[in-house]
>>> print(open('query22.pdb').read())   # PDB, C-alpha atoms
MODEL        1
ATOM      1  CA  MET A   1       0.000   0.000   0.000
ATOM      2  CA  ALA A   2       1.296   3.437  -0.847
ATOM      3  CA  GLY A   3       2.287   5.609   2.085
ATOM      4  CA  THR A   4       2.516   2.760   4.606
ATOM      5  CA  ALA A   5       6.214   2.014   4.469
ATOM      6  CA  VAL A   6       7.347  -0.515   7.069
ATOM      7  CA  PRO A   7       9.829   1.144   9.453
ATOM      8  CA  GLY A   8      13.361   0.289   8.409
ATOM      9  CA  ARG A   9      12.351  -0.945   4.971
ATOM     10  CA  LEU A  10      13.542   1.411   2.243
ATOM     11  CA  THR A  11      11.208   2.138  -0.612
ATOM     12  CA  TRP A  12      11.646   4.373  -3.653
ATOM     13  CA  GLU A  13       9.357   7.360  -3.355
ATOM     14  CA  PRO A  14       8.512  10.180  -5.785
ATOM     15  CA  ALA A  15      10.090  13.557  -5.044
ATOM     16  CA  GLU A  16       9.067  16.731  -6.850
ATOM     17  CA  LEU A  17      11.446  19.598  -7.527
ATOM     18  CA  VAL A  18      10.183  22.745  -5.792
ATOM     19  CA  GLU A  19      13.092  25.155  -5.964
ATOM     20  CA  VAL A  20      16.688  25.450  -7.154
ATOM     21  CA  ILE A  21      19.195  27.630  -5.288
ATOM     22  CA  VAL A  22      22.505  28.512  -6.948
ATOM     23  CA  GLU A  23      25.175  28.204  -4.246
ATOM     24  CA  THR A  24      28.430  28.519  -6.195
ATOM     25  CA  PRO A  25      29.439  28.212  -9.885
ATOM     26  CA  HIS A  26      29.556  24.400  -9.486
ATOM     27  CA  VAL A  27      27.044  23.748  -6.720
ATOM     28  CA  LYS A  28      23.263  24.032  -6.517
ATOM     29  CA  THR A  29      20.728  23.145  -3.873
ATOM     30  CA  ILE A  30      17.623  21.353  -5.071
ATOM     31  CA  VAL A  31      14.638  21.558  -2.757
ATOM     32  CA  LEU A  32      12.309  18.585  -3.124
ATOM     33  CA  ASP A  33       8.849  17.860  -1.844
ATOM     34  CA  VAL A  34       8.526  14.231  -0.744
ATOM     35  CA  PRO A  35       4.891  13.617   0.325
ATOM     36  CA  SER A  36       5.788  10.366   2.128
ATOM     37  CA  TRP A  37       8.809  11.865   3.961
ATOM     38  CA  PRO A  38       9.006  10.352   7.480
ATOM     39  CA  GLY A  39      11.451  12.979   8.816
ATOM     40  CA  HIS A  40      15.228  12.851   9.166
ATOM     41  CA  ARG A  41      18.146  13.638  11.460
ATOM     42  CA  ALA A  42      21.072  15.911  10.606
ATOM     43  CA  GLY A  43      23.863  14.019   8.844
ATOM     44  CA  GLN A  44      21.640  11.483   7.091
ATOM     45  CA  HIS A  45      21.550  11.093   3.322
ATOM     46  CA  VAL A  46      19.222   9.885   0.591
ATOM     47  CA  ASP A  47      19.723   7.681  -2.433
ATOM     48  CA  VAL A  48      18.494   9.246  -5.676
ATOM     49  CA  ARG A  49      17.522   7.081  -8.637
ATOM     50  CA  LEU A  50      17.142   8.245 -12.234
ATOM     51  CA  THR A  51      15.586   6.030 -14.894
ATOM     52  CA  ALA A  52      16.239   6.660 -18.593
ATOM     53  CA  ALA A  53      13.634   6.085 -21.303
ATOM     54  CA  ASP A  54      15.303   2.768 -22.170
ATOM     55  CA  GLY A  55      15.078   1.570 -18.560
ATOM     56  CA  TYR A  56      18.722   2.232 -17.645
ATOM     57  CA  GLN A  57      18.958   3.301 -14.001
ATOM     58  CA  ALA A  58      21.615   5.245 -12.115
ATOM     59  CA  GLU A  59      21.718   5.664  -8.327
ATOM     60  CA  ARG A  60      23.720   8.145  -6.244
ATOM     61  CA  SER A  61      23.784   9.181  -2.600
ATOM     62  CA  TYR A  62      23.368  12.832  -1.559
ATOM     63  CA  SER A  63      23.582  14.295   1.911
ATOM     64  CA  ILE A  64      20.545  16.131   3.215
ATOM     65  CA  ALA A  65      21.370  19.828   3.671
ATOM     66  CA  SER A  66      18.216  20.957   5.456
ATOM     67  CA  ALA A  67      16.935  20.670   8.991
ATOM     68  CA  LEU A  68      13.639  18.849   9.414
ATOM     69  CA  ASP A  69      10.939  20.851   7.579
ATOM     70  CA  GLY A  70       7.811  18.797   6.980
ATOM     71  CA  THR A  71       7.926  17.097   3.581
ATOM     72  CA  ARG A  72      10.627  19.424   2.196
ATOM     73  CA  VAL A  73      14.102  17.957   1.715
ATOM     74  CA  ALA A  74      17.030  20.015   0.404
ATOM     75  CA  LEU A  75      19.991  18.337  -1.296
ATOM     76  CA  THR A  76      23.082  20.320  -2.204
ATOM     77  CA  VAL A  77      24.651  18.859  -5.311
ATOM     78  CA  GLN A  78      28.073  19.491  -6.790
ATOM     79  CA  ARG A  79      27.998  19.262 -10.559
ATOM     80  CA  LEU A  80      30.583  16.741 -11.738
ATOM     81  CA  GLU A  81      31.479  17.411 -15.391
ATOM     82  CA  ASP A  82      31.593  13.724 -16.320
ATOM     83  CA  GLY A  83      28.826  12.787 -13.865
ATOM     84  CA  GLU A  84      25.879  10.598 -14.791
ATOM     85  CA  VAL A  85      23.455  12.026 -12.250
ATOM     86  CA  SER A  86      24.622  15.406 -10.909
ATOM     87  CA  PRO A  87      24.419  17.367 -14.225
ATOM     88  CA  TYR A  88      20.832  16.159 -14.615
ATOM     89  CA  LEU A  89      19.906  17.225 -11.082
ATOM     90  CA  THR A  90      21.574  20.635 -11.304
ATOM     91  CA  ASP A  91      20.822  21.612 -14.921
ATOM     92  CA  GLU A  92      18.054  19.482 -16.471
ATOM     93  CA  LEU A  93      15.465  18.877 -13.784
ATOM     94  CA  ARG A  94      12.665  21.471 -13.899
ATOM     95  CA  GLN A  95      10.256  22.661 -11.237
ATOM     96  CA  GLY A  96       7.345  20.267 -10.905
ATOM     97  CA  GLU A  97       9.283  17.349 -12.384
ATOM     98  CA  LYS A  98       9.846  14.224 -10.321
ATOM     99  CA  ILE A  99      12.729  11.955  -9.472
ATOM    100  CA  GLU A 100      12.835   8.890  -7.223
ATOM    101  CA  LEU A 101      14.420   8.964  -3.808
ATOM    102  CA  ARG A 102      14.723   6.675  -0.780
ATOM    103  CA  GLY A 103      15.649   7.614   2.747
ATOM    104  CA  PRO A 104      16.550   8.925   5.162
ATOM    105  CA  ILE A 105      19.581   6.653   5.271
ATOM    106  CA  GLY A 106      22.357   6.316   7.857
ATOM    107  CA  GLY A 107      22.588   6.717  11.608
ATOM    108  CA  TYR A 108      26.309   6.738  12.348
ATOM    109  CA  PHE A 109      27.238  10.154  10.930
ATOM    110  CA  VAL A 110      24.353  11.875  12.711
ATOM    111  CA  TRP A 111      24.166  14.637  15.299
ATOM    112  CA  GLU A 112      21.171  15.758  17.330
ATOM    113  CA  PRO A 113      21.077  18.597  19.869
ATOM    114  CA  SER A 114      20.609  15.993  22.633
ATOM    115  CA  ASP A 115      24.042  14.544  21.721
ATOM    116  CA  GLY A 116      25.576  17.743  23.106
ATOM    117  CA  GLY A 117      29.063  19.100  22.523
ATOM    118  CA  PRO A 118      31.366  20.777  22.242
ATOM    119  CA  LEU A 119      30.911  20.105  18.572
ATOM    120  CA  MET A 120      33.765  20.407  16.095
ATOM    121  CA  LEU A 121      32.798  20.153  12.435
ATOM    122  CA  VAL A 122      35.503  19.894   9.780
ATOM    123  CA  ALA A 123      34.456  20.269   6.144
ATOM    124  CA  GLY A 124      36.320  19.880   2.879
ATOM    125  CA  GLY A 125      34.449  21.374  -0.106
ATOM    126  CA  SER A 126      30.972  19.911  -0.526
ATOM    127  CA  GLY A 127      31.629  17.864   2.624
ATOM    128  CA  VAL A 128      30.049  20.844   4.357
ATOM    129  CA  VAL A 129      26.563  19.675   3.330
ATOM    130  CA  PRO A 130      25.715  17.198   6.145
ATOM    131  CA  LEU A 131      27.500  19.498   8.616
ATOM    132  CA  MET A 132      25.260  22.381   7.460
ATOM    133  CA  ALA A 133      22.261  20.182   8.279
ATOM    134  CA  MET A 134      23.686  19.917  11.814
ATOM    135  CA  ILE A 135      24.197  23.693  12.042
ATOM    136  CA  ARG A 136      20.688  24.367  10.711
ATOM    137  CA  THR A 137      19.170  21.787  13.060
ATOM    138  CA  ARG A 138      20.979  23.377  15.985
ATOM    139  CA  ALA A 139      19.716  26.840  14.961
ATOM    140  CA  ALA A 140      16.146  25.647  14.335
ATOM    141  CA  ALA A 141      16.054  24.055  17.783
ATOM    142  CA  GLY A 142      17.379  27.235  19.442
ATOM    143  CA  ASP A 143      20.194  25.028  20.735
ATOM    144  CA  ASP A 144      23.363  26.745  22.003
ATOM    145  CA  THR A 145      25.775  23.790  21.946
ATOM    146  CA  GLU A 146      29.268  25.190  21.528
ATOM    147  CA  THR A 147      29.995  24.525  17.857
ATOM    148  CA  ARG A 148      32.943  25.287  15.619
ATOM    149  CA  LEU A 149      33.081  24.757  11.882
ATOM    150  CA  LEU A 150      36.458  24.634  10.175
ATOM    151  CA  TYR A 151      35.667  24.789   6.477
ATOM    152  CA  SER A 152      38.214  24.311   3.707
ATOM    153  CA  SER A 153      37.398  25.612   0.213
ATOM    154  CA  ARG A 154      39.499  26.275  -2.877
ATOM    155  CA  SER A 155      38.512  29.938  -3.171
ATOM    156  CA  GLN A 156      36.048  32.451  -1.784
ATOM    157  CA  ASP A 157      33.706  31.772  -4.738
ATOM    158  CA  ASP A 158      33.622  28.068  -3.880
ATOM    159  CA  VAL A 159      32.366  28.600  -0.327
ATOM    160  CA  ILE A 160      28.895  27.024  -0.109
ATOM    161  CA  TYR A 161      26.342  28.687   2.252
ATOM    162  CA  ARG A 162      28.731  31.622   2.822
ATOM    163  CA  ASP A 163      26.115  34.252   3.727
ATOM    164  CA  GLU A 164      23.997  31.928   5.851
ATOM    165  CA  LEU A 165      27.026  30.747   7.823
ATOM    166  CA  GLU A 166      27.891  34.365   8.537
ATOM    167  CA  GLN A 167      24.337  35.096   9.684
ATOM    168  CA  LEU A 168      24.192  32.017  11.926
ATOM    169  CA  SER A 169      27.544  32.769  13.591
ATOM    170  CA  GLY A 170      27.358  33.771  17.229
ATOM    171  CA  ASN A 171      25.170  32.063  19.845
ATOM    172  CA  GLY A 172      27.977  29.580  20.389
ATOM    173  CA  LEU A 173      28.731  28.972  16.697
ATOM    174  CA  ARG A 174      32.114  29.981  15.320
ATOM    175  CA  VAL A 175      32.949  29.528  11.635
ATOM    176  CA  VAL A 176      36.548  29.565  10.425
ATOM    177  CA  HIS A 177      37.408  29.365   6.739
ATOM    178  CA  THR A 178      40.586  28.275   5.056
ATOM    179  CA  LEU A 179      41.055  28.930   1.347
ATOM    180  CA  THR A 180      43.598  26.621  -0.243
ATOM    181  CA  ASP A 181      44.022  27.874  -3.812
ATOM    182  CA  SER A 182      43.334  31.609  -4.082
ATOM    183  CA  GLN A 183      42.747  34.530  -1.749
ATOM    184  CA  PRO A 184      40.690  37.677  -2.158
ATOM    185  CA  PRO A 185      42.889  40.797  -1.878
ATOM    186  CA  GLY A 186      43.612  41.733   1.730
ATOM    187  CA  ARG A 187      42.284  38.515   3.277
ATOM    188  CA  THR A 188      44.252  37.434   6.338
ATOM    189  CA  GLY A 189      42.613  34.109   7.263
ATOM    190  CA  TYR A 190      44.017  30.616   6.855
ATOM    191  CA  ALA A 191      45.335  29.963   3.345
ATOM    192  CA  ARG A 192      46.468  26.335   3.435
ATOM    193  CA  ARG A 193      45.134  22.812   3.749
ATOM    194  CA  VAL A 194      43.757  21.796   7.137
ATOM    195  CA  ASP A 195      46.576  20.481   9.334
ATOM    196  CA  ALA A 196      47.164  19.555  12.971
ATOM    197  CA  GLU A 197      48.267  23.064  13.897
ATOM    198  CA  MET A 198      45.090  24.589  12.475
ATOM    199  CA  LEU A 199      42.905  21.963  14.182
ATOM    200  CA  ALA A 200      44.628  22.694  17.493
ATOM    201  CA  GLU A 201      44.121  26.453  17.070
ATOM    202  CA  VAL A 202      40.470  26.272  16.017
ATOM    203  CA  GLY A 203      39.221  23.169  17.808
ATOM    204  CA  PRO A 204      38.489  22.367  21.440
ATOM    205  CA  ARG A 205      41.183  20.696  23.529
ATOM    206  CA  PRO A 206      41.062  16.914  24.144
ATOM    207  CA  ALA A 207      40.160  17.587  27.812
ATOM    208  CA  GLU A 208      36.876  19.161  26.666
ATOM    209  CA  ARG A 209      35.907  15.813  25.086
ATOM    210  CA  PRO A 210      34.581  17.266  21.830
ATOM    211  CA  HIS A 211      32.491  15.385  19.280
ATOM    212  CA  PHE A 212      34.105  15.536  15.823
ATOM    213  CA  TYR A 213      32.397  15.216  12.475
ATOM    214  CA  ALA A 214      34.704  15.361   9.452
ATOM    215  CA  CYS A 215      33.345  15.164   5.920
ATOM    216  CA  GLY A 216      34.941  15.672   2.534
ATOM    217  CA  PRO A 217      37.041  13.942  -0.096
ATOM    218  CA  THR A 218      38.786  10.801   1.191
ATOM    219  CA  PRO A 219      42.337  12.282   1.370
ATOM    220  CA  PHE A 220      40.975  15.295   3.289
ATOM    221  CA  VAL A 221      39.111  13.164   5.826
ATOM    222  CA  GLU A 222      42.108  10.848   6.299
ATOM    223  CA  ALA A 223      44.413  13.801   6.977
ATOM    224  CA  VAL A 224      41.969  15.367   9.453
ATOM    225  CA  ALA A 225      41.306  12.127  11.344
ATOM    226  CA  GLU A 226      45.025  11.311  11.603
ATOM    227  CA  ALA A 227      45.847  14.808  12.832
ATOM    228  CA  LEU A 228      43.090  14.717  15.471
ATOM    229  CA  VAL A 229      44.321  11.398  16.846
ATOM    230  CA  ARG A 230      47.861  12.785  16.895
ATOM    231  CA  LEU A 231      46.580  15.775  18.904
ATOM    232  CA  GLY A 232      45.310  13.352  21.542
ATOM    233  CA  HIS A 233      41.617  13.190  20.695
ATOM    234  CA  GLU A 234      39.680  10.001  21.331
ATOM    235  CA  PRO A 235      39.387   8.052  18.022
ATOM    236  CA  ARG A 236      35.846   6.967  18.855
ATOM    237  CA  ALA A 237      34.771  10.617  19.143
ATOM    238  CA  ILE A 238      35.858  11.288  15.541
ATOM    239  CA  LYS A 239      33.093  10.440  13.078
ATOM    240  CA  THR A 240      33.954  10.565   9.424
ATOM    241  CA  GLU A 241      32.195  10.497   6.076
ATOM    242  CA  ARG A 242      34.267  10.158   2.913
ATOM    243  CA  PHE A 243      33.106  11.309  -0.503
ATOM    244  CA  GLY A 244      35.844   9.691  -2.568
ATOM    245  CA  PRO A 245      38.119  11.800  -4.787
ATOM    246  CA  THR A 246      35.478  13.679  -6.798
ATOM    247  CA  GLY A 247      32.510  14.079  -4.501
ATOM    248  CA  ARG A 248      29.412  11.993  -4.936
TER     249      ARG A 248
ATOM    250  CA  MET B   1      45.993   5.537   1.041
ATOM    251  CA  ASP B   2      43.532   4.695  -1.707
ATOM    252  CA  GLU B   3      41.680   7.819  -2.850
ATOM    253  CA  LEU B   4      38.788   5.701  -4.067
ATOM    254  CA  MET B   5      38.214   4.294  -0.602
ATOM    255  CA  LEU B   6      34.915   5.218   1.014
ATOM    256  CA  ASP B   7      33.363   4.216   4.333
ATOM    257  CA  GLY B   8      30.344   2.361   5.663
ATOM    258  CA  ASN B   9      28.106   5.403   5.164
ATOM    259  CA  ALA B  10      28.395   4.834   1.412
ATOM    260  CA  VAL B  11      26.712   1.410   1.598
ATOM    261  CA  ALA B  12      24.103   2.354   4.217
ATOM    262  CA  GLY B  13      21.255   2.242   1.682
ATOM    263  CA  LEU B  14      22.288  -1.124   0.269
ATOM    264  CA  LEU B  15      22.696  -2.662   3.734
ATOM    265  CA  GLN B  16      19.345  -1.306   4.885
ATOM    266  CA  GLU B  17      17.774  -2.733   1.728
ATOM    267  CA  VAL B  18      19.091  -6.181   2.716
ATOM    268  CA  PHE B  19      18.729  -6.165   6.505
ATOM    269  CA  ALA B  20      15.669  -3.850   6.727
ATOM    270  CA  VAL B  21      17.219  -1.967   9.662
ATOM    271  CA  GLU B  22      19.682   0.913   9.865
ATOM    272  CA  MET B  23      23.096  -0.800   9.753
ATOM    273  CA  THR B  24      25.744   1.957  10.064
ATOM    274  CA  THR B  25      25.252   2.051  13.838
ATOM    275  CA  ALA B  26      25.444  -1.771  14.075
ATOM    276  CA  VAL B  27      28.689  -2.842  15.767
ATOM    277  CA  GLY B  28      30.754  -5.484  14.010
ATOM    278  CA  THR B  29      33.682  -7.382  15.489
ATOM    279  CA  CYS B  30      36.529  -8.073  13.080
ATOM    280  CA  GLY B  31      37.236 -11.757  12.536
ATOM    281  CA  GLY B  32      40.913 -10.885  12.035
ATOM    282  CA  CYS B  33      41.998  -8.569  14.873
ATOM    283  CA  GLY B  34      38.901  -8.721  17.085
ATOM    284  CA  ALA B  35      38.398  -4.950  17.131
ATOM    285  CA  PRO B  36      34.758  -3.903  17.459
ATOM    286  CA  GLY B  37      33.423  -0.846  15.655
ATOM    287  CA  PRO B  38      30.390   0.679  13.965
ATOM    288  CA  VAL B  39      29.678  -0.397  10.391
ATOM    289  CA  GLY B  40      29.627   3.291   9.402
ATOM    290  CA  ALA B  41      33.350   3.500  10.176
ATOM    291  CA  VAL B  42      34.555   0.504   8.135
ATOM    292  CA  TYR B  43      36.494   1.086   4.918
ATOM    293  CA  VAL B  44      34.585   0.455   1.704
ATOM    294  CA  TYR B  45      36.009  -0.260  -1.739
ATOM    295  CA  ARG B  46      33.714  -0.305  -4.739
ATOM    296  CA  GLY B  47      34.525  -2.143  -7.942
ATOM    297  CA  ALA B  48      32.631  -4.937  -9.679
ATOM    298  CA  GLY B  49      31.510  -5.739  -6.145
ATOM    299  CA  ILE B  50      31.842  -4.035  -2.769
ATOM    300  CA  VAL B  51      34.488  -4.949  -0.204
ATOM    301  CA  LEU B  52      34.268  -3.899   3.451
ATOM    302  CA  ARG B  53      37.568  -3.829   5.328
ATOM    303  CA  CYS B  54      38.472  -3.429   8.990
ATOM    304  CA  PRO B  55      39.838   0.119   9.599
ATOM    305  CA  HIS B  56      42.227  -1.285  12.215
ATOM    306  CA  CYS B  57      43.864  -4.287  10.503
ATOM    307  CA  GLY B  58      42.642  -4.247   6.884
ATOM    308  CA  ASN B  59      41.032  -7.675   7.140
ATOM    309  CA  THR B  60      38.215  -8.259   4.652
ATOM    310  CA  LEU B  61      35.013  -8.104   6.715
ATOM    311  CA  ALA B  62      32.480  -8.650   3.976
ATOM    312  CA  LYS B  63      32.058  -8.834   0.216
ATOM    313  CA  ILE B  64      28.840  -7.803  -1.455
ATOM    314  CA  VAL B  65      27.750  -8.318  -5.052
ATOM    315  CA  LYS B  66      24.439  -6.952  -6.248
ATOM    316  CA  SER B  67      22.507  -7.854  -9.370
ATOM    317  CA  ALA B  68      19.079  -6.682 -10.478
ATOM    318  CA  SER B  69      17.276  -9.422  -8.584
ATOM    319  CA  ARG B  70      19.530 -10.535  -5.723
ATOM    320  CA  VAL B  71      22.346  -9.539  -3.380
ATOM    321  CA  TRP B  72      25.171 -11.969  -2.548
ATOM    322  CA  ILE B  73      26.923 -11.314   0.773
ATOM    323  CA  ASP B  74      30.045 -13.033   2.110
ATOM    324  CA  LEU B  75      30.376 -12.288   5.835
ATOM    325  CA  THR B  76      33.331 -14.586   6.513
ATOM    326  CA  GLY B  77      35.476 -11.821   8.027
ATOM    327  CA  ILE B  78      32.963 -10.653  10.633
ATOM    328  CA  ARG B  79      32.958 -12.503  13.949
ATOM    329  CA  THR B  80      29.811 -10.919  15.398
ATOM    330  CA  LEU B  81      27.360  -8.221  14.438
ATOM    331  CA  GLN B  82      25.283  -6.396  17.067
ATOM    332  CA  VAL B  83      22.186  -4.805  15.603
ATOM    333  CA  THR B  84      19.777  -2.538  17.461
ATOM    334  CA  VAL B  85      16.248  -3.851  16.889
TER     335      VAL B  85
ENDMDL
END
>>> encode(input="query22.pdb", output="structure tokens")
Amino acid sequence: MAGTAVPGRLTWEPAELVEVIVETPHVKTIVLDVPSWPGHRAGQHVDVRLTAADGYQAERSYSIASALDGTRVALTVQRLEDGEVSPYLTDELRQGEKIELRGPIGGYFVWEPSDGGPLMLVAGGSGVVPLMAMIRTRAAAGDDTETRLLYSSRSQDDVIYRDELEQLSGNGLRVVHTLTDSQPPGRTGYARRVDAEMLAEVGPRPAERPHFYACGPTPFVEAVAEALVRLGHEPRAIKTERFGPTGR
Amino acid sequence: MDELMLDGNAVAGLLQEVFAVEMTTAVGTCGGCGAPGPVGAVYVYRGAGIVLRCPHCGNTLAKIVKSASRVWIDLTGIRTLQVTV
């Protein structure tokens, strides 16, 4: 029966495109309406399935960017030039058109306000997406958990959610950017890849027992996790999600 | 390090399809080194099939091959799996 999904059992459900938000030259957010949406927690993802006229199907996973908002689900998608799915989602799909989606999926890389903090989020590129869901969930709940986001981007133009992150800063949230490839004139912030020294300067000390969430390309996540362990943080407190070399 | 390596989060949908419960928070014990850990933290390699490896010792925990109509799972490398029901 439609609309009576058994808990735990994943079913493909129709999702209608409601809105497209241009985030950066290569990244867009697609806002979907999923009538059967059962709700989600920050950090979870969905599987998206596209079916071609000849029956060929392609599936990809995308992190949920939004906090819980009824049947609305926002996915932030990086357009991969040689991608099978992302160019369709970012450039071809029109308002009112439908795709298939199943979720929410995952429970390991999840944060809820009741999990507490201090919270240290470390993002590489589009790895910021599930961490933004955590920041938005925290803000929507009026939660003041001490939270820091260390966010690595190539350039200022590649920073996703730049204005919103600035607006949400304060109330216990601190956002620190590092730009690895190019700097706007006069900028004085971090201008290198995330390393142990930067994590020590920005992040809480091991004695504060922070919860870490690191998300990004595999080499980025590996470097962050290794550096955190070297700094004396508890390995079990470091949760990671790897996108592979080119995003998902 | 293999840049194509992913982690258990990447196969969460497939595992939930098979087991009908959320599996990334399930705790598996490695049949090689005995280390316990959440499925979300295991290393995942995708090729013709999917290989799950222990993040501590590299032991092969599981191999998964999916076709249109069935999923074949080899769990030889996992000693125990604790699932929240």
>>> residues_around(input="query22.pdb", residues="Tyr88 of chain A", least_positions_apart="6", cutoff="12 Å", atoms="all atoms listed in the file", output="PyMOL selection string")
chain A and resi 28+30+48-52+58+60+77-82+94+97-99
>>> residues_near_point(input="query22.pdb", point="(27.9, -12.0, 4.6)", cutoff="9 Å", atoms="all atoms listed in the file", output="PyMOL selection string")
chain B and resi 61-64+72-78
>>> interface_residues(input="query22.pdb", of="chain B", to="chain A", cutoff="7 Å", atoms="all atoms listed in the file", output="number ranges by chain")
B: 3-7, 9, 12-13, 16-17, 20-22, 24-25, 40
>>> resolve_selection(input="query22.pdb", expression="the PyMOL selection byres ((chain B and resi 29) around 10)", output="ChimeraX atom specification")
/B:27-28,30-39,54,61,77-82
>>> atom_distance(input="query22.pdb", atom1="atom CA of Val18 of chain B", atom2="atom CA of Gly58 of chain B")
24.0 Å
>>> atom_distance(input="query22.pdb", atom1="atom CA of Thr29 of chain A", atom2="atom CA of Leu93 of chain A")
12.0 Å
>>> atom_distance(input="query22.pdb", atom1="atom CA of Ser69 of chain B", atom2="atom CA of Ala10 of chain B")
20.7 Å
>>> residues_around(input="query22.pdb", residues="Phe212 of chain A", least_positions_apart="6", cutoff="8 Å", atoms="all atoms listed in the file", output="short mmCIF file (atom, residue, chain, number, x, y, z; two decimals) with C-alpha atoms, in the coordinates of the input")
data_model
loop_
_atom_site.label_atom_id
_atom_site.label_comp_id
_atom_site.auth_asym_id
_atom_site.auth_seq_id
_atom_site.Cartn_x
_atom_site.Cartn_y
_atom_site.Cartn_z
CA LEU A 119 30.91 20.10 18.57
CA MET A 120 33.76 20.41 16.10
CA LEU A 121 32.80 20.15 12.44
CA VAL A 122 35.50 19.89 9.78
CA ALA A 237 34.77 10.62 19.14
CA ILE A 238 35.86 11.29 15.54
CA LYS A 239 33.09 10.44 13.08
#
>>> resolve_selection(input="query22.pdb", expression="the PyMOL selection byres ((chain A and resi 202-206) around 7)", output="ChimeraX atom specification")
/A:120,148,198-201,207-210,232-233
>>> decode(input="query22.pdb", residues="segment 48-53 of chain B", atoms="all heavy atoms", output="PDB file, in the first residue's frame")
ATOM      1  N   ALA B  48      33.699  -4.095  -9.139  1.00  0.00           N
ATOM      2  CA  ALA B  48      32.631  -4.937  -9.679  1.00  0.00           C
ATOM      3  C   ALA B  48      31.712  -5.340  -8.532  1.00  0.00           C
ATOM      4  O   ALA B  48      30.516  -5.525  -8.704  1.00  0.00           O
ATOM      5  CB  ALA B  48      33.224  -6.159 -10.357  1.00  0.00           C
ATOM      6  N   GLY B  49      32.286  -5.490  -7.356  1.00  0.00           N
ATOM      7  CA  GLY B  49      31.510  -5.739  -6.145  1.00  0.00           C
ATOM      8  C   GLY B  49      31.948  -4.741  -5.096  1.00  0.00           C
ATOM      9  O   GLY B  49      32.689  -3.797  -5.385  1.00  0.00           O
ATOM     10  N   ILE B  50      31.489  -4.941  -3.866  1.00  0.00           N
ATOM     11  CA  ILE B  50      31.842  -4.035  -2.769  1.00  0.00           C
ATOM     12  C   ILE B  50      32.600  -4.830  -1.716  1.00  0.00           C
ATOM     13  O   ILE B  50      32.187  -5.934  -1.358  1.00  0.00           O
ATOM     14  CB  ILE B  50      30.555  -3.442  -2.153  1.00  0.00           C
ATOM     15  CG1 ILE B  50      29.839  -2.572  -3.193  1.00  0.00           C
ATOM     16  CG2 ILE B  50      30.870  -2.631  -0.900  1.00  0.00           C
ATOM     17  CD1 ILE B  50      28.411  -2.242  -2.821  1.00  0.00           C
ATOM     18  N   VAL B  51      33.706  -4.286  -1.247  1.00  0.00           N
ATOM     19  CA  VAL B  51      34.488  -4.949  -0.204  1.00  0.00           C
ATOM     20  C   VAL B  51      34.522  -4.047   1.019  1.00  0.00           C
ATOM     21  O   VAL B  51      34.836  -2.856   0.921  1.00  0.00           O
ATOM     22  CB  VAL B  51      35.931  -5.250  -0.686  1.00  0.00           C
ATOM     23  CG1 VAL B  51      36.746  -5.886   0.434  1.00  0.00           C
ATOM     24  CG2 VAL B  51      35.902  -6.162  -1.909  1.00  0.00           C
ATOM     25  N   LEU B  52      34.195  -4.618   2.180  1.00  0.00           N
ATOM     26  CA  LEU B  52      34.268  -3.899   3.451  1.00  0.00           C
ATOM     27  C   LEU B  52      35.504  -4.383   4.195  1.00  0.00           C
ATOM     28  O   LEU B  52      35.694  -5.604   4.354  1.00  0.00           O
ATOM     29  CB  LEU B  52      33.021  -4.182   4.307  1.00  0.00           C
ATOM     30  CG  LEU B  52      31.763  -3.340   4.058  1.00  0.00           C
ATOM     31  CD1 LEU B  52      31.280  -3.460   2.628  1.00  0.00           C
ATOM     32  CD2 LEU B  52      30.651  -3.755   5.017  1.00  0.00           C
ATOM     33  N   ARG B  53      36.341  -3.451   4.628  1.00  0.00           N
ATOM     34  CA  ARG B  53      37.568  -3.829   5.328  1.00  0.00           C
ATOM     35  C   ARG B  53      37.617  -3.207   6.724  1.00  0.00           C
ATOM     36  O   ARG B  53      37.117  -2.108   6.948  1.00  0.00           O
ATOM     37  CB  ARG B  53      38.811  -3.387   4.542  1.00  0.00           C
ATOM     38  CG  ARG B  53      39.066  -4.207   3.301  1.00  0.00           C
ATOM     39  CD  ARG B  53      40.395  -3.837   2.650  1.00  0.00           C
ATOM     40  NE  ARG B  53      40.609  -4.608   1.442  1.00  0.00           N
ATOM     41  CZ  ARG B  53      41.128  -5.837   1.418  1.00  0.00           C
ATOM     42  NH1 ARG B  53      41.505  -6.420   2.550  1.00  0.00           N
ATOM     43  NH2 ARG B  53      41.282  -6.469   0.275  1.00  0.00           N
TER      44      ARG B  53
END
